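final36.txt follows (compact mmCIF, C-alpha atoms):
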# COMPACT_ATOMS: atom_id res chain seq x y z
CA MET A 112 -18.71 229.38 62.44
CA ILE A 113 -20.55 226.80 60.35
CA GLN A 114 -20.78 227.77 56.67
CA ILE A 115 -23.87 226.79 54.65
CA ASN A 116 -24.66 227.37 50.99
CA GLY A 117 -28.42 227.75 50.63
CA GLN A 118 -28.43 227.76 46.85
CA ASP A 119 -29.86 224.29 46.29
CA GLY A 120 -32.59 224.43 48.91
CA GLY A 121 -35.54 226.61 49.73
CA GLY A 122 -36.56 228.05 53.05
CA GLN A 123 -36.26 224.64 54.69
CA VAL A 124 -32.46 224.84 54.67
CA LEU A 125 -32.65 228.08 56.62
CA ARG A 126 -35.29 226.82 59.05
CA SER A 127 -33.40 223.62 59.83
CA ALA A 128 -30.16 225.56 60.30
CA LEU A 129 -31.89 227.94 62.72
CA SER A 130 -33.36 225.03 64.69
CA LEU A 131 -30.08 223.15 64.95
CA SER A 132 -28.08 226.28 65.72
CA MET A 133 -30.32 227.01 68.71
CA VAL A 134 -30.14 223.41 69.92
CA THR A 135 -26.36 223.07 69.62
CA GLY A 136 -25.32 226.66 70.35
CA GLU A 137 -23.28 226.66 67.13
CA PRO A 138 -23.35 229.91 65.08
CA PHE A 139 -23.70 229.74 61.31
CA ARG A 140 -23.41 231.84 58.20
CA MET A 141 -25.65 231.07 55.23
CA VAL A 142 -25.09 232.45 51.72
CA ASN A 143 -27.07 232.16 48.49
CA ILE A 144 -30.31 231.81 50.44
CA ARG A 145 -33.00 230.35 48.16
CA GLY A 146 -30.51 230.97 45.36
CA LYS A 147 -32.27 228.93 42.69
CA ARG A 148 -35.76 230.22 43.43
CA PRO A 149 -37.38 232.64 40.94
CA LYS A 150 -37.24 235.30 43.67
CA PRO A 151 -34.14 234.53 45.78
CA GLY A 152 -33.46 235.74 49.28
CA LEU A 153 -35.48 236.21 52.44
CA LYS A 154 -39.21 236.85 52.14
CA ARG A 155 -41.49 237.97 54.95
CA GLN A 156 -42.13 234.43 56.21
CA HIS A 157 -38.39 233.68 56.35
CA LEU A 158 -37.72 236.96 58.15
CA THR A 159 -40.26 236.00 60.80
CA CYS A 160 -38.56 232.62 61.26
CA VAL A 161 -35.19 234.30 61.84
CA GLN A 162 -36.65 236.99 64.09
CA ALA A 163 -38.62 234.44 66.11
CA ALA A 164 -35.56 232.23 66.53
CA ALA A 165 -33.51 235.23 67.62
CA ALA A 166 -36.18 236.23 70.13
CA ILE A 167 -36.23 232.92 71.98
CA CYS A 168 -32.45 232.72 72.38
CA ASP A 169 -31.24 236.35 72.31
CA ALA A 170 -29.27 235.64 69.15
CA GLU A 171 -27.00 238.09 67.40
CA VAL A 172 -28.02 238.25 63.74
CA GLY A 173 -26.76 239.98 60.62
CA GLY A 174 -28.24 240.50 57.17
CA VAL A 175 -31.84 240.01 58.27
CA GLU A 176 -33.81 242.12 55.81
CA MET A 177 -36.16 241.58 52.89
CA ASN A 178 -34.51 239.88 49.88
CA SER A 179 -31.20 239.38 51.72
CA THR A 180 -29.31 236.37 50.35
CA SER A 181 -26.94 235.91 53.29
CA ILE A 182 -27.27 235.99 57.07
CA THR A 183 -25.27 235.23 60.18
CA PHE A 184 -26.86 233.78 63.30
CA THR A 185 -25.11 233.46 66.67
CA PRO A 186 -27.45 231.93 69.26
CA GLY A 187 -27.58 232.52 72.98
CA ALA A 188 -29.33 230.40 75.60
CA VAL A 189 -32.86 229.27 74.68
CA LYS A 190 -35.53 230.69 76.98
CA HIS A 191 -38.90 229.03 77.51
CA GLY A 192 -41.91 231.31 77.94
CA GLU A 193 -44.86 232.85 76.13
CA TYR A 194 -44.22 234.27 72.66
CA ALA A 195 -46.30 235.92 69.95
CA PHE A 196 -45.19 236.52 66.37
CA ALA A 197 -47.03 238.09 63.43
CA ILE A 198 -45.80 237.36 59.92
CA GLY A 199 -47.63 240.35 58.48
CA SER A 200 -48.77 238.39 55.42
CA ALA A 201 -50.21 234.98 54.59
CA GLY A 202 -46.80 233.39 55.17
CA SER A 203 -46.94 230.02 56.88
CA THR A 204 -47.49 230.01 60.63
CA THR A 205 -46.70 226.29 60.79
CA LEU A 206 -43.21 226.73 59.37
CA VAL A 207 -42.42 229.33 62.03
CA PHE A 208 -43.65 226.84 64.64
CA GLN A 209 -41.51 224.03 63.23
CA THR A 210 -38.45 226.30 63.33
CA LEU A 211 -38.89 226.93 67.05
CA LEU A 212 -40.06 223.47 68.11
CA PRO A 213 -36.69 221.65 68.44
CA ALA A 214 -35.17 224.37 70.63
CA LEU A 215 -38.19 224.93 72.85
CA MET A 216 -38.90 221.22 73.38
CA LEU A 217 -35.37 220.87 74.78
CA ALA A 218 -35.70 223.94 77.03
CA ASP A 219 -36.20 223.53 80.77
CA GLY A 220 -39.81 224.73 80.90
CA GLU A 221 -43.08 224.88 78.98
CA SER A 222 -43.61 227.44 76.21
CA VAL A 223 -46.72 228.82 74.54
CA VAL A 224 -46.21 230.22 71.04
CA LYS A 225 -48.81 232.19 69.09
CA VAL A 226 -48.17 232.88 65.39
CA GLU A 227 -50.40 234.95 63.09
CA GLY A 228 -50.41 234.62 59.31
CA GLY A 229 -51.41 231.79 56.98
CA THR A 230 -52.59 228.48 58.43
CA HIS A 231 -53.41 226.71 55.16
CA ASN A 232 -50.74 227.39 52.52
CA PRO A 233 -50.06 225.36 49.35
CA MET A 234 -46.28 225.18 49.94
CA ALA A 235 -46.34 224.32 53.65
CA PRO A 236 -47.92 221.80 56.03
CA SER A 237 -51.39 222.92 57.08
CA ALA A 238 -52.28 223.49 60.71
CA ASP A 239 -54.35 220.29 60.47
CA PHE A 240 -51.34 218.33 59.18
CA ILE A 241 -49.21 219.58 62.08
CA SER A 242 -51.76 218.80 64.80
CA LYS A 243 -53.09 215.50 63.42
CA VAL A 244 -50.10 214.00 61.59
CA PHE A 245 -46.70 215.55 62.30
CA LEU A 246 -46.92 216.01 66.07
CA PRO A 247 -48.41 212.54 66.77
CA ALA A 248 -45.65 211.01 64.62
CA ALA A 249 -42.92 213.12 66.26
CA ALA A 250 -44.29 212.06 69.65
CA LYS A 251 -43.04 208.56 68.89
CA TRP A 252 -39.52 210.00 69.30
CA GLY A 253 -40.60 211.79 72.49
CA VAL A 254 -41.68 215.22 71.21
CA ASN A 255 -44.28 216.68 73.59
CA ALA A 256 -46.23 219.47 71.90
CA GLU A 257 -49.66 220.33 70.55
CA MET A 258 -51.09 222.92 68.19
CA THR A 259 -54.53 224.52 67.91
CA CYS A 260 -55.75 226.54 64.93
CA GLU A 261 -57.70 229.42 66.47
CA ARG A 262 -58.47 231.18 63.20
CA VAL A 263 -58.11 229.97 59.62
CA GLY A 264 -55.95 231.99 57.23
CA PHE A 265 -55.61 231.32 53.50
CA ALA A 266 -53.28 233.03 51.04
CA PRO A 267 -53.19 235.82 50.08
CA ALA A 268 -55.41 237.33 52.80
CA GLY A 269 -53.79 235.65 55.81
CA GLY A 270 -55.33 236.64 59.11
CA GLY A 271 -55.00 233.17 60.61
CA ARG A 272 -53.69 232.23 64.04
CA VAL A 273 -52.21 229.09 65.57
CA VAL A 274 -51.30 228.56 69.20
CA SER A 275 -48.89 225.83 70.23
CA ARG A 276 -47.92 224.48 73.61
CA ILE A 277 -44.41 223.00 73.73
CA ARG A 278 -43.32 221.03 76.78
CA PRO A 279 -39.87 219.78 77.84
CA SER A 280 -39.32 216.54 75.94
CA ILE A 281 -37.16 213.50 76.57
CA LEU A 282 -36.25 212.16 73.14
CA THR A 283 -35.95 208.42 72.62
CA PRO A 284 -35.15 206.25 69.58
CA HIS A 285 -38.03 204.82 67.57
CA ASP A 286 -38.42 202.75 64.41
CA LEU A 287 -41.39 203.63 62.23
CA THR A 288 -40.96 201.12 59.43
CA GLU A 289 -44.50 199.75 59.15
CA ARG A 290 -47.68 201.81 58.97
CA GLY A 291 -50.04 198.96 59.88
CA GLU A 292 -53.59 198.38 58.70
CA ILE A 293 -55.98 201.24 57.94
CA GLN A 294 -58.12 202.04 60.98
CA ARG A 295 -60.08 205.04 59.74
CA LYS A 296 -60.56 207.11 56.58
CA GLU A 297 -61.73 210.71 56.32
CA ILE A 298 -62.44 212.95 53.35
CA THR A 299 -62.63 216.61 54.30
CA SER A 300 -63.21 219.88 52.48
CA MET A 301 -63.04 223.42 53.80
CA VAL A 302 -64.11 226.63 52.07
CA VAL A 303 -63.86 230.29 53.01
CA GLY A 304 -65.89 232.93 51.20
CA ILE A 305 -66.96 230.68 48.30
CA SER A 306 -69.84 228.33 47.50
CA GLY A 307 -70.29 225.24 49.62
CA GLU A 308 -71.17 223.30 46.46
CA ILE A 309 -67.43 223.09 45.81
CA MET A 310 -67.03 220.89 48.88
CA LYS A 311 -69.71 218.45 47.72
CA ARG A 312 -68.16 218.18 44.25
CA GLU A 313 -64.72 217.53 45.71
CA VAL A 314 -65.95 214.83 48.06
CA LYS A 315 -67.94 213.12 45.31
CA ALA A 316 -64.91 213.14 42.98
CA ALA A 317 -62.62 211.73 45.68
CA GLN A 318 -65.07 208.97 46.59
CA LYS A 319 -65.24 207.98 42.93
CA LYS A 320 -61.43 207.89 42.58
CA LEU A 321 -60.74 206.09 45.84
CA VAL A 322 -63.80 203.82 45.82
CA TRP A 323 -64.23 204.40 49.55
CA GLU A 324 -67.72 203.82 50.88
CA ASP A 325 -66.71 203.76 54.53
CA ALA A 326 -64.90 207.11 54.74
CA GLU A 327 -66.11 209.77 57.15
CA ILE A 328 -67.07 213.00 55.39
CA VAL A 329 -66.29 216.39 56.95
CA LEU A 330 -67.52 219.60 55.28
CA GLU A 331 -66.48 222.88 56.87
CA GLN A 332 -67.73 226.27 55.69
CA VAL A 333 -65.66 228.80 57.62
CA ASN A 334 -67.28 232.20 58.15
CA ASP A 335 -64.82 233.79 60.56
CA ALA A 336 -61.89 234.23 58.16
CA ASP A 337 -60.50 236.78 55.72
CA GLY A 338 -60.58 236.45 51.94
CA THR A 339 -61.39 233.25 50.10
CA GLY A 340 -59.93 229.77 50.04
CA ASN A 341 -60.48 226.05 49.60
CA CYS A 342 -58.56 223.23 51.26
CA PHE A 343 -59.30 219.59 50.42
CA ALA A 344 -57.71 216.69 52.30
CA VAL A 345 -57.84 212.94 52.60
CA HIS A 346 -56.86 211.75 56.07
CA VAL A 347 -55.92 208.15 56.86
CA ASP A 348 -55.35 206.70 60.32
CA PHE A 349 -53.16 203.62 60.17
CA ALA A 350 -52.40 201.35 63.13
CA ASN A 351 -48.99 202.98 63.72
CA LEU A 352 -49.43 206.57 62.49
CA SER A 353 -51.70 208.95 60.61
CA ASP A 354 -51.17 210.71 57.30
CA ARG A 355 -52.93 213.45 55.39
CA PHE A 356 -52.89 214.33 51.71
CA THR A 357 -53.84 217.94 51.01
CA GLU A 358 -54.65 219.98 47.91
CA TYR A 359 -55.78 223.58 47.50
CA GLY A 360 -58.37 224.97 45.15
CA SER A 361 -57.32 227.81 42.89
CA TYR A 362 -58.83 229.94 40.15
CA GLY A 363 -59.37 227.99 36.94
CA VAL A 364 -58.85 224.55 38.53
CA SER A 365 -61.96 222.38 38.80
CA SER A 366 -63.09 220.85 42.08
CA GLU A 367 -62.79 217.44 40.46
CA ARG A 368 -59.15 218.04 39.61
CA VAL A 369 -58.33 219.27 43.12
CA ALA A 370 -59.87 216.17 44.69
CA GLY A 371 -58.40 213.94 42.00
CA ASN A 372 -54.87 215.15 42.74
CA ALA A 373 -55.27 214.36 46.44
CA ALA A 374 -56.75 210.94 45.67
CA LYS A 375 -53.87 210.19 43.29
CA ASN A 376 -51.35 210.94 46.05
CA VAL A 377 -53.23 208.72 48.49
CA LYS A 378 -53.31 205.82 46.02
CA ARG A 379 -49.61 206.25 45.25
CA HIS A 380 -48.74 206.05 48.94
CA LEU A 381 -51.02 203.07 49.57
CA SER A 382 -49.52 201.23 46.59
CA SER A 383 -46.17 201.11 48.40
CA GLU A 384 -45.25 199.50 51.71
CA ALA A 385 -43.72 202.74 53.02
CA ALA A 386 -44.72 203.73 56.54
CA VAL A 387 -44.25 207.47 56.04
CA SER A 388 -45.38 209.69 53.17
CA GLU A 389 -42.85 211.88 51.38
CA HIS A 390 -44.15 215.12 52.92
CA LEU A 391 -43.99 213.75 56.45
CA ALA A 392 -40.58 212.11 56.00
CA ASP A 393 -38.44 215.25 55.73
CA GLN A 394 -40.23 216.75 58.76
CA LEU A 395 -39.24 213.78 60.92
CA ILE A 396 -35.51 214.08 60.20
CA LEU A 397 -34.78 216.58 62.99
CA PRO A 398 -36.69 214.79 65.79
CA MET A 399 -35.08 211.49 64.80
CA ALA A 400 -31.58 212.98 64.54
CA LEU A 401 -31.92 214.74 67.90
CA ALA A 402 -33.09 211.47 69.47
CA GLY A 403 -29.82 209.97 68.25
CA ALA A 404 -31.31 206.85 66.71
CA GLY A 405 -34.33 205.50 64.86
CA SER A 406 -35.62 204.89 61.38
CA PHE A 407 -38.56 205.13 59.03
CA THR A 408 -39.44 203.87 55.56
CA VAL A 409 -40.50 206.12 52.70
CA ARG A 410 -41.39 205.50 49.06
CA ARG A 411 -38.59 207.62 47.61
CA LEU A 412 -35.80 209.95 48.66
CA THR A 413 -36.92 213.51 47.82
CA ASN A 414 -34.66 216.53 47.44
CA HIS A 415 -36.18 217.98 50.63
CA LEU A 416 -35.19 214.85 52.50
CA LYS A 417 -31.64 214.89 51.15
CA THR A 418 -31.28 218.59 51.92
CA ASN A 419 -32.45 218.20 55.50
CA ILE A 420 -30.03 215.34 56.09
CA ALA A 421 -27.17 217.46 54.71
CA VAL A 422 -27.99 220.33 57.08
CA VAL A 423 -28.16 217.98 60.07
CA HIS A 424 -24.66 216.71 59.24
CA LYS A 425 -23.37 220.29 59.58
CA PHE A 426 -24.47 220.51 63.22
CA LEU A 427 -24.78 217.02 64.70
CA ASP A 428 -22.37 214.12 64.99
CA VAL A 429 -24.83 211.52 63.73
CA ARG A 430 -24.66 209.06 60.87
CA PHE A 431 -27.59 208.57 58.53
CA GLU A 432 -28.14 205.25 56.81
CA VAL A 433 -30.11 205.19 53.56
CA GLU A 434 -30.96 201.66 52.50
CA GLU A 435 -32.95 200.54 49.46
CA LEU A 436 -35.28 197.71 50.37
CA GLU A 437 -37.95 196.02 48.29
CA GLY A 438 -40.18 198.86 47.10
CA VAL A 439 -39.21 201.28 49.88
CA ILE A 440 -36.25 203.22 51.23
CA ARG A 441 -35.25 202.94 54.86
CA VAL A 442 -33.79 206.12 56.37
CA GLY A 443 -32.15 205.65 59.73
CA VAL A 444 -29.89 207.29 62.28
CA ALA A 445 -27.27 205.14 63.95

What do you get writing this file as structure tokens?
Amino acid sequence: MIQINGQDGGGQVLRSALSLSMVTGEPFRMVNIRGKRPKPGLKRQHLTCVQAAAAICDAEVGGVEMNSTSITFTPGAVKHGEYAFAIGSAGSTTLVFQTLLPALMLADGESVVKVEGGTHNPMAPSADFISKVFLPAAAKWGVNAEMTCERVGFAPAGGGRVVSRIRPSILTPHDLTERGEIQRKEITSMVVGISGEIMKREVKAAQKKLVWEDAEIVLEQVNDADGTGNCFAVHVDFANLSDRFTEYGSYGVSSERVAGNAAKNVKRHLSSEAAVSEHLADQLILPMALAGAGSFTVRRLTNHLKTNIAVVHKFLDVRFEVEELEGVIRVGVA
């Protein structure tokens, strides 16, 4: 049984281990789950990830309870089909989806997965990021899946719903080392249960910071959602991929600061020659590793990226190459 110490990583270590365990059929035991977090152990969102993974492969599990710091997971055969999971809080629906994706895309039939909870969470990729950035990028390695956000859910109210369709995928190597020229720019703001003036202020602030006169503006006041929330994003379509830089409004933080933070991240990415942003990079590690070859360039090597590579090495016989080039880092699988 593979042994993993989850002390130095967050929930991503657990999610990647679950994904790879289902794909390889290798059982694992993880201790010190989220050990260095202020509140260690499994939270509701992590429980749902484990329970969802167990459901699609009839796994035998141990230690799966709130605040548990160790679990065992012994997978069975992955079964395609229709699944529905409810987190029971505003925990991230997209992270549950990403946990199941590798196993279901390598199953022998199509799956439909519905997850209820949070769709726009500060510490997770938004449903928009998954559908418009991650999945199109992963498709370059052969991943065949799509996601639709049927109902928006912000923290802490939750109440959101995403539905994904995952098809059998034939993975192939791909090199994503150049992003290409900018094809389209979009500045978007979404609010739930709060004044629409916030959206206008955010867009104005971002336009001033980015000096973009040709960006498309999207303002979305959502009425069919629980609670309150604000999500601001700058979306850029390059010739070879898309990327999205997201910030969330919160009490006591001005609209100008929210938009300014997103604009700062956009400018930082554009100032480098990296093809892939830091947030997207660690999410592409599993598709690339499962394809057996490929590469991408990123501005810097984050802890999330290093952690994901370390987990992959526990399950797969692949070799990662990390090469410092002029102004960027090339991460590859050989």

Tell me, in Å to one decimal, how far CA of Ser382 (chain A) is from CA of Asp325 (chain A).
19.1 Å

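If you look at CA of Pro398 (chain A) and CA of Gly152 (chain A), they are 26.9 Å away from each other.
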
I'd like to know which of A:Ile277, A:Val254, A:Ala165, A:Val329 is closest to His191 (chain A), using only C-alpha atoms.
A:Ile277

As a compact mmCIF listing (two decimals) with C-alpha atoms, in the coordinates of the input, please: the residues near Gly269 (chain A) (cut-off 9 Å, only C-alpha atoms, same-chain neighbours under 6 positions excluded).
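The resulting file, out.txt, is reproduced below:
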# COMPACT_ATOMS: atom_id res chain seq x y z
CA GLY A 199 -47.63 240.35 58.48
CA SER A 200 -48.77 238.39 55.42
CA ALA A 201 -50.21 234.98 54.59
CA GLY A 202 -46.80 233.39 55.17
CA SER A 203 -46.94 230.02 56.88
CA GLU A 227 -50.40 234.95 63.09
CA GLY A 228 -50.41 234.62 59.31
CA GLY A 229 -51.41 231.79 56.98
CA THR A 230 -52.59 228.48 58.43
CA HIS A 231 -53.41 226.71 55.16
CA VAL A 263 -58.11 229.97 59.62
CA ALA A 336 -61.89 234.23 58.16
CA ASP A 337 -60.50 236.78 55.72
CA GLY A 338 -60.58 236.45 51.94

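When CA of Ser130 (chain A) is paired with CA of Met216 (chain A), their separation reads 11.0 Å.
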
Please return as a PyMOL selection string every residue within 10 Å of (-28.3, 227.5, 51.5), taking into account all atoms listed in the file and the file's own coordinates.
chain A and resi 114-125+128+140-147+152+180-181+418+422

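With only C-alpha atoms as the atoms that count, the residue of A:Ala392, A:Ala326, A:Val423, A:Ile198 with the shortest distance to Val161 (chain A) is A:Ile198.
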
Using only C-alpha atoms, determine which residues lie at most 12 Å from Ala163 (chain A), disregarding the query and same-chain residues fewer than 5 positions distant; provide the list as an NGL selection string.
:A and (126 or 129-130 or 133 or 156-158 or 168-170 or 172 or 175 or 186 or 189-190 or 193-198 or 204 or 206-212 or 214-215 or 224-226)

Mind writing the picked residues with C-alpha atoms as a short mmCIF file (atom, residue, chain, number, x, y, z; two decimals), keeping the file's coordinate frame?
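For reference, again-v1.cif as written:
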data_model
loop_
_atom_site.label_atom_id
_atom_site.label_comp_id
_atom_site.auth_asym_id
_atom_site.auth_seq_id
_atom_site.Cartn_x
_atom_site.Cartn_y
_atom_site.Cartn_z
CA ARG A 126 -35.29 226.82 59.05
CA LEU A 129 -31.89 227.94 62.72
CA SER A 130 -33.36 225.03 64.69
CA MET A 133 -30.32 227.01 68.71
CA GLN A 156 -42.13 234.43 56.21
CA HIS A 157 -38.39 233.68 56.35
CA LEU A 158 -37.72 236.96 58.15
CA CYS A 168 -32.45 232.72 72.38
CA ASP A 169 -31.24 236.35 72.31
CA ALA A 170 -29.27 235.64 69.15
CA VAL A 172 -28.02 238.25 63.74
CA VAL A 175 -31.84 240.01 58.27
CA PRO A 186 -27.45 231.93 69.26
CA VAL A 189 -32.86 229.27 74.68
CA LYS A 190 -35.53 230.69 76.98
CA GLU A 193 -44.86 232.85 76.13
CA TYR A 194 -44.22 234.27 72.66
CA ALA A 195 -46.30 235.92 69.95
CA PHE A 196 -45.19 236.52 66.37
CA ALA A 197 -47.03 238.09 63.43
CA ILE A 198 -45.80 237.36 59.92
CA THR A 204 -47.49 230.01 60.63
CA LEU A 206 -43.21 226.73 59.37
CA VAL A 207 -42.42 229.33 62.03
CA PHE A 208 -43.65 226.84 64.64
CA GLN A 209 -41.51 224.03 63.23
CA THR A 210 -38.45 226.30 63.33
CA LEU A 211 -38.89 226.93 67.05
CA LEU A 212 -40.06 223.47 68.11
CA ALA A 214 -35.17 224.37 70.63
CA LEU A 215 -38.19 224.93 72.85
CA VAL A 224 -46.21 230.22 71.04
CA LYS A 225 -48.81 232.19 69.09
CA VAL A 226 -48.17 232.88 65.39
#

Would you list the residues near (-58.9, 223.1, 48.2) (no more than 8 Å away, in the coordinates of the file, using only C-alpha atoms) as a compact mmCIF listing (two decimals) with C-alpha atoms, keeping the file's coordinate frame?
# COMPACT_ATOMS: atom_id res chain seq x y z
CA SER A 300 -63.21 219.88 52.48
CA MET A 301 -63.04 223.42 53.80
CA VAL A 302 -64.11 226.63 52.07
CA GLY A 340 -59.93 229.77 50.04
CA ASN A 341 -60.48 226.05 49.60
CA CYS A 342 -58.56 223.23 51.26
CA PHE A 343 -59.30 219.59 50.42
CA ALA A 344 -57.71 216.69 52.30
CA THR A 357 -53.84 217.94 51.01
CA GLU A 358 -54.65 219.98 47.91
CA TYR A 359 -55.78 223.58 47.50
CA GLY A 360 -58.37 224.97 45.15
CA SER A 361 -57.32 227.81 42.89
CA SER A 366 -63.09 220.85 42.08
CA VAL A 369 -58.33 219.27 43.12
CA ALA A 370 -59.87 216.17 44.69

Determine, for each residue of region 200-280 of chain A having at least one atom at most 9 Å from an atom of region 347-353 of chain A, the closest pair of atoms and their separation in Å to one decimal, counting all atoms listed in the file; order by chain and ascending number, as a tab-separated table.
residue	atom	partner	partner_atom	distance
A:Lys243	CA	A:Ser353	CA	7.3
A:Val244	CA	A:Ser353	CA	5.4
A:Phe245	CA	A:Ser353	CA	8.5
A:Pro247	CA	A:Leu352	CA	7.4
A:Ala248	CA	A:Leu352	CA	6.2

Between A:Glu367, A:Val314, A:Leu401, A:Asn414, which is the closest to Glu297 (chain A) once you count only C-alpha atoms?
A:Val314

Pick from A:Ser406, A:Ser242, A:Thr183, A:Asn232: nearest to Leu287 (chain A), with all atoms listed in the file counted?
A:Ser406

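For the residues A:Ala235, A:Met310, A:Ile281, A:Ile298, ranking by smallest atom-to-atom distance to Glu324 (chain A) using all atoms listed in the file places A:Ile298 first.
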
If you count all atoms listed in the file, which residues fall within 7 Å of Met258 (chain A), apart from same-chain ones fewer than 3 positions away, as an MDAnalysis selection string?
chainID A and resid 242 273:276

Which residue out of A:Val345, A:Leu217, A:Ser132, A:Leu395 has the minimum interatomic distance to Lys375 (chain A) when only C-alpha atoms are used?
A:Val345

Output region 404-423 of chain A as an mmCIF file, keeping the file's coordinate frame, making sure N, CA and C atoms are there.
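File out24.cif, as written:
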data_model
loop_
_atom_site.group_PDB
_atom_site.id
_atom_site.type_symbol
_atom_site.label_atom_id
_atom_site.label_comp_id
_atom_site.auth_asym_id
_atom_site.auth_seq_id
_atom_site.Cartn_x
_atom_site.Cartn_y
_atom_site.Cartn_z
ATOM 1 N N ALA A 404 -31.142 208.158 67.339
ATOM 2 C CA ALA A 404 -31.310 206.850 66.710
ATOM 3 C C ALA A 404 -32.764 206.702 66.269
ATOM 4 N N GLY A 405 -32.983 205.761 65.347
ATOM 5 C CA GLY A 405 -34.330 205.500 64.860
ATOM 6 C C GLY A 405 -34.338 205.342 63.362
ATOM 7 N N SER A 406 -35.511 205.054 62.821
ATOM 8 C CA SER A 406 -35.620 204.890 61.380
ATOM 9 C C SER A 406 -37.062 204.999 60.930
ATOM 10 N N PHE A 407 -37.241 205.221 59.644
ATOM 11 C CA PHE A 407 -38.560 205.130 59.030
ATOM 12 C C PHE A 407 -38.388 204.671 57.586
ATOM 13 N N THR A 408 -39.472 204.228 56.978
ATOM 14 C CA THR A 408 -39.440 203.870 55.560
ATOM 15 C C THR A 408 -40.291 204.846 54.779
ATOM 16 N N VAL A 409 -39.829 205.157 53.562
ATOM 17 C CA VAL A 409 -40.500 206.120 52.700
ATOM 18 C C VAL A 409 -40.421 205.589 51.265
ATOM 19 N N ARG A 410 -41.334 206.033 50.419
ATOM 20 C CA ARG A 410 -41.390 205.500 49.060
ATOM 21 C C ARG A 410 -40.191 205.905 48.228
ATOM 22 N N ARG A 411 -39.748 207.156 48.369
ATOM 23 C CA ARG A 411 -38.590 207.620 47.610
ATOM 24 C C ARG A 411 -37.870 208.712 48.386
ATOM 25 N N LEU A 412 -36.637 208.942 48.009
ATOM 26 C CA LEU A 412 -35.800 209.950 48.660
ATOM 27 C C LEU A 412 -35.965 211.271 47.904
ATOM 28 N N THR A 413 -36.688 212.231 48.483
ATOM 29 C CA THR A 413 -36.920 213.510 47.820
ATOM 30 C C THR A 413 -35.745 214.458 48.049
ATOM 31 N N ASN A 414 -35.710 215.520 47.253
ATOM 32 C CA ASN A 414 -34.660 216.530 47.440
ATOM 33 C C ASN A 414 -34.762 217.183 48.818
ATOM 34 N N HIS A 415 -35.983 217.410 49.293
ATOM 35 C CA HIS A 415 -36.180 217.980 50.630
ATOM 36 C C HIS A 415 -35.545 217.096 51.692
ATOM 37 N N LEU A 416 -35.736 215.801 51.538
ATOM 38 C CA LEU A 416 -35.190 214.850 52.500
ATOM 39 C C LEU A 416 -33.663 214.867 52.477
ATOM 40 N N LYS A 417 -33.094 214.849 51.287
ATOM 41 C CA LYS A 417 -31.640 214.890 51.150
ATOM 42 C C LYS A 417 -31.066 216.180 51.723
ATOM 43 N N THR A 418 -31.746 217.289 51.446
ATOM 44 C CA THR A 418 -31.280 218.590 51.920
ATOM 45 C C THR A 418 -31.287 218.664 53.443
ATOM 46 N N ASN A 419 -32.359 218.161 54.046
ATOM 47 C CA ASN A 419 -32.450 218.200 55.500
ATOM 48 C C ASN A 419 -31.366 217.352 56.158
ATOM 49 N N ILE A 420 -31.091 216.200 55.574
ATOM 50 C CA ILE A 420 -30.030 215.340 56.090
ATOM 51 C C ILE A 420 -28.677 216.055 56.009
ATOM 52 N N ALA A 421 -28.442 216.744 54.886
ATOM 53 C CA ALA A 421 -27.170 217.460 54.710
ATOM 54 C C ALA A 421 -26.996 218.563 55.748
ATOM 55 N N VAL A 422 -28.072 219.270 56.067
ATOM 56 C CA VAL A 422 -27.990 220.330 57.080
ATOM 57 C C VAL A 422 -27.724 219.736 58.460
ATOM 58 N N VAL A 423 -28.383 218.641 58.771
ATOM 59 C CA VAL A 423 -28.160 217.980 60.070
ATOM 60 C C VAL A 423 -26.692 217.617 60.239
#
